[in-house]
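**Student:** Quick one: the structure is below, and I'll ask about it shortly.
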Amino acid sequence: MIEPASIGTLLRRAGRLIVRRWPLYAIGTLVAVAIQFGLLFAPGISPEVAGVVGEVFAYAPLTAIVFGFGAADYVAEAVEPAAIWGRIAERVWAVVVLDAAINLLYIAVAFGVGAAPVAQVVGETGVLILITLLAFAETHAIVAPDEKPARLLADSLLASVRITTTRIGYGRAVAVVLLPFLILLLVPRSWSVAVSALLTVPVAALTVVFYLDCLTLAGSRTK
């Protein structure tokens, strides 16, 4: 049976994935930031709407790119970049849909529970628990082989729940969900767009590393 890798080891692996493709990820981040700021300064669009639209249509595709290339680099597959881009193009819709659904759920709960602080805390906690259970759904949507389009969303949701209902998987899911959440809570609101942009690639790289390591552990236990 394979022993779980330490957090330090997984962090180093994620760092190596970023370094290997840093020009691609840097360009992707700049494009996402440009889209986000374009929406923020566009007339007639509220900052809240601009934030959600930018998250869904700028940062979600960026995470899909990190998942696709990061997974190939992690397992050292000899895959042509064109094939990786092809898979990302075929499946990025699922990442966009999942990201949009999570953002809309968060907004619906925030408005639905009322303005009372206790209700807001309870509502946010419930959403965070659900997001944690689905922490690896977007990764699975891009990385998993032989997925049929009609089953992609359902299989991705189920795969994430299977991983996050294990002790190791849930702990890692909490890390990738709460880390950016807590960082954004601590920084001034005026910095949130820039900080969110800078966190996108590292969090995505760490997520794909956690996901693939959990699959390796699960495979070793079924042998």
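To be explicit about the labels: the chains of the structure tokens are called A, B, and onward in the order shown, and within each one the residues are counted from 1, while ligands get numbers from 1 in the order they are shown.
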Write out as JSON lines a residue-level contact list of range 93-171 of chain A versus range 32-50 of chain A with cut-off 12 Å: for each qualifying residue the closest pair of atoms and the distance in Å to one decimal, counting only C-alpha atoms, rows sorted by chain and residue number upward.

**Tutor:**
```
{"residue": "A:Ala100", "atom": "CA", "partner": "A:Val49", "partner_atom": "CA", "distance": 11.8}
{"residue": "A:Asn103", "atom": "CA", "partner": "A:Val49", "partner_atom": "CA", "distance": 10.6}
{"residue": "A:Leu104", "atom": "CA", "partner": "A:Val49", "partner_atom": "CA", "distance": 10.6}
{"residue": "A:Ile107", "atom": "CA", "partner": "A:Glu48", "partner_atom": "CA", "distance": 9.7}
```

**Student:** List the neighbours of Leu11 in chain A out to 12 Å using only C-alpha atoms; skip same-chain residues closer than 6 positions along the sequence, and give me the result as a ChimeraX atom specification.

**Tutor:** /A:5,17-18,172,175-176,202-210,213

**Student:** Deliver the residues from the most recent selection as a file, using N, CA, C and O atoms, as an mmCIF file, in the first residue's frame.

**Tutor:**
```cif
data_model
loop_
_atom_site.group_PDB
_atom_site.id
_atom_site.type_symbol
_atom_site.label_atom_id
_atom_site.label_comp_id
_atom_site.auth_asym_id
_atom_site.auth_seq_id
_atom_site.Cartn_x
_atom_site.Cartn_y
_atom_site.Cartn_z
ATOM 1 N N ALA A 5 1.525 11.034 0.484
ATOM 2 C CA ALA A 5 2.646 11.973 0.419
ATOM 3 C C ALA A 5 2.420 13.090 1.421
ATOM 4 O O ALA A 5 1.282 13.471 1.718
ATOM 5 N N LEU A 17 5.162 21.972 -11.170
ATOM 6 C CA LEU A 17 4.208 22.067 -12.277
ATOM 7 C C LEU A 17 4.085 23.508 -12.763
ATOM 8 O O LEU A 17 4.007 23.766 -13.971
ATOM 9 N N ILE A 18 4.047 24.439 -11.831
ATOM 10 C CA ILE A 18 3.927 25.854 -12.201
ATOM 11 C C ILE A 18 5.181 26.322 -12.927
ATOM 12 O O ILE A 18 5.096 26.996 -13.971
ATOM 13 N N ARG A 172 -7.597 17.499 2.263
ATOM 14 C CA ARG A 172 -6.972 18.227 1.155
ATOM 15 C C ARG A 172 -7.976 19.152 0.472
ATOM 16 O O ARG A 172 -7.624 20.253 0.040
ATOM 17 N N ALA A 175 -8.277 22.267 2.420
ATOM 18 C CA ALA A 175 -7.111 23.136 2.211
ATOM 19 C C ALA A 175 -7.270 23.990 0.955
ATOM 20 O O ALA A 175 -7.052 25.207 0.986
ATOM 21 N N VAL A 176 -7.665 23.375 -0.166
ATOM 22 C CA VAL A 176 -7.733 24.146 -1.418
ATOM 23 C C VAL A 176 -8.946 25.067 -1.459
ATOM 24 O O VAL A 176 -8.965 26.050 -2.204
ATOM 25 N N PRO A 202 -1.649 28.909 -8.623
ATOM 26 C CA PRO A 202 -1.149 28.046 -7.550
ATOM 27 C C PRO A 202 -2.206 27.134 -6.944
ATOM 28 O O PRO A 202 -1.936 25.948 -6.693
ATOM 29 N N VAL A 203 -3.415 27.664 -6.731
ATOM 30 C CA VAL A 203 -4.475 26.830 -6.153
ATOM 31 C C VAL A 203 -4.877 25.732 -7.133
ATOM 32 O O VAL A 203 -5.100 24.577 -6.731
ATOM 33 N N ALA A 204 -4.960 26.057 -8.418
ATOM 34 C CA ALA A 204 -5.306 25.036 -9.415
ATOM 35 C C ALA A 204 -4.239 23.953 -9.492
ATOM 36 O O ALA A 204 -4.547 22.759 -9.591
ATOM 37 N N ALA A 205 -2.970 24.352 -9.447
ATOM 38 C CA ALA A 205 -1.876 23.370 -9.477
ATOM 39 C C ALA A 205 -1.925 22.473 -8.250
ATOM 40 O O ALA A 205 -1.740 21.251 -8.345
ATOM 41 N N LEU A 206 -2.175 23.067 -7.090
ATOM 42 C CA LEU A 206 -2.255 22.267 -5.863
ATOM 43 C C LEU A 206 -3.462 21.330 -5.914
ATOM 44 O O LEU A 206 -3.379 20.175 -5.472
ATOM 45 N N THR A 207 -4.565 21.804 -6.478
ATOM 46 C CA THR A 207 -5.764 20.969 -6.575
ATOM 47 C C THR A 207 -5.521 19.748 -7.444
ATOM 48 O O THR A 207 -5.909 18.630 -7.085
ATOM 49 N N VAL A 208 -4.883 19.946 -8.593
ATOM 50 C CA VAL A 208 -4.649 18.803 -9.482
ATOM 51 C C VAL A 208 -3.654 17.827 -8.859
ATOM 52 O O VAL A 208 -3.784 16.598 -9.014
ATOM 53 N N VAL A 209 -2.673 18.339 -8.112
ATOM 54 C CA VAL A 209 -1.730 17.456 -7.420
ATOM 55 C C VAL A 209 -2.451 16.651 -6.345
ATOM 56 O O VAL A 209 -2.256 15.426 -6.224
ATOM 57 N N PHE A 210 -3.286 17.303 -5.548
ATOM 58 C CA PHE A 210 -4.056 16.600 -4.522
ATOM 59 C C PHE A 210 -4.952 15.536 -5.155
ATOM 60 O O PHE A 210 -5.037 14.399 -4.683
ATOM 61 N N ASP A 213 -2.917 12.541 -6.533
ATOM 62 C CA ASP A 213 -2.351 11.747 -5.446
ATOM 63 C C ASP A 213 -3.443 10.930 -4.757
ATOM 64 O O ASP A 213 -3.209 9.775 -4.387
#
```

**Student:** Looking only at alpha helix (DSSP H) from DSSP on the backbone, list the matching residues of range 5-212 of chain A as a ChimeraX atom specification.

**Tutor:** /A:7-20,22-40,47-54,60-74,81-112,117-133,137-143,152-164,167-186,192-212

**Student:** Go ahead and compute the interatomic distance for CA of Val174 in chain A and CA of Ala150 in chain A, in Å to one decimal.

**Tutor:**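 Taking CA of Val174 in chain A and CA of Ala150 in chain A, their separation equals 28.8 Å.
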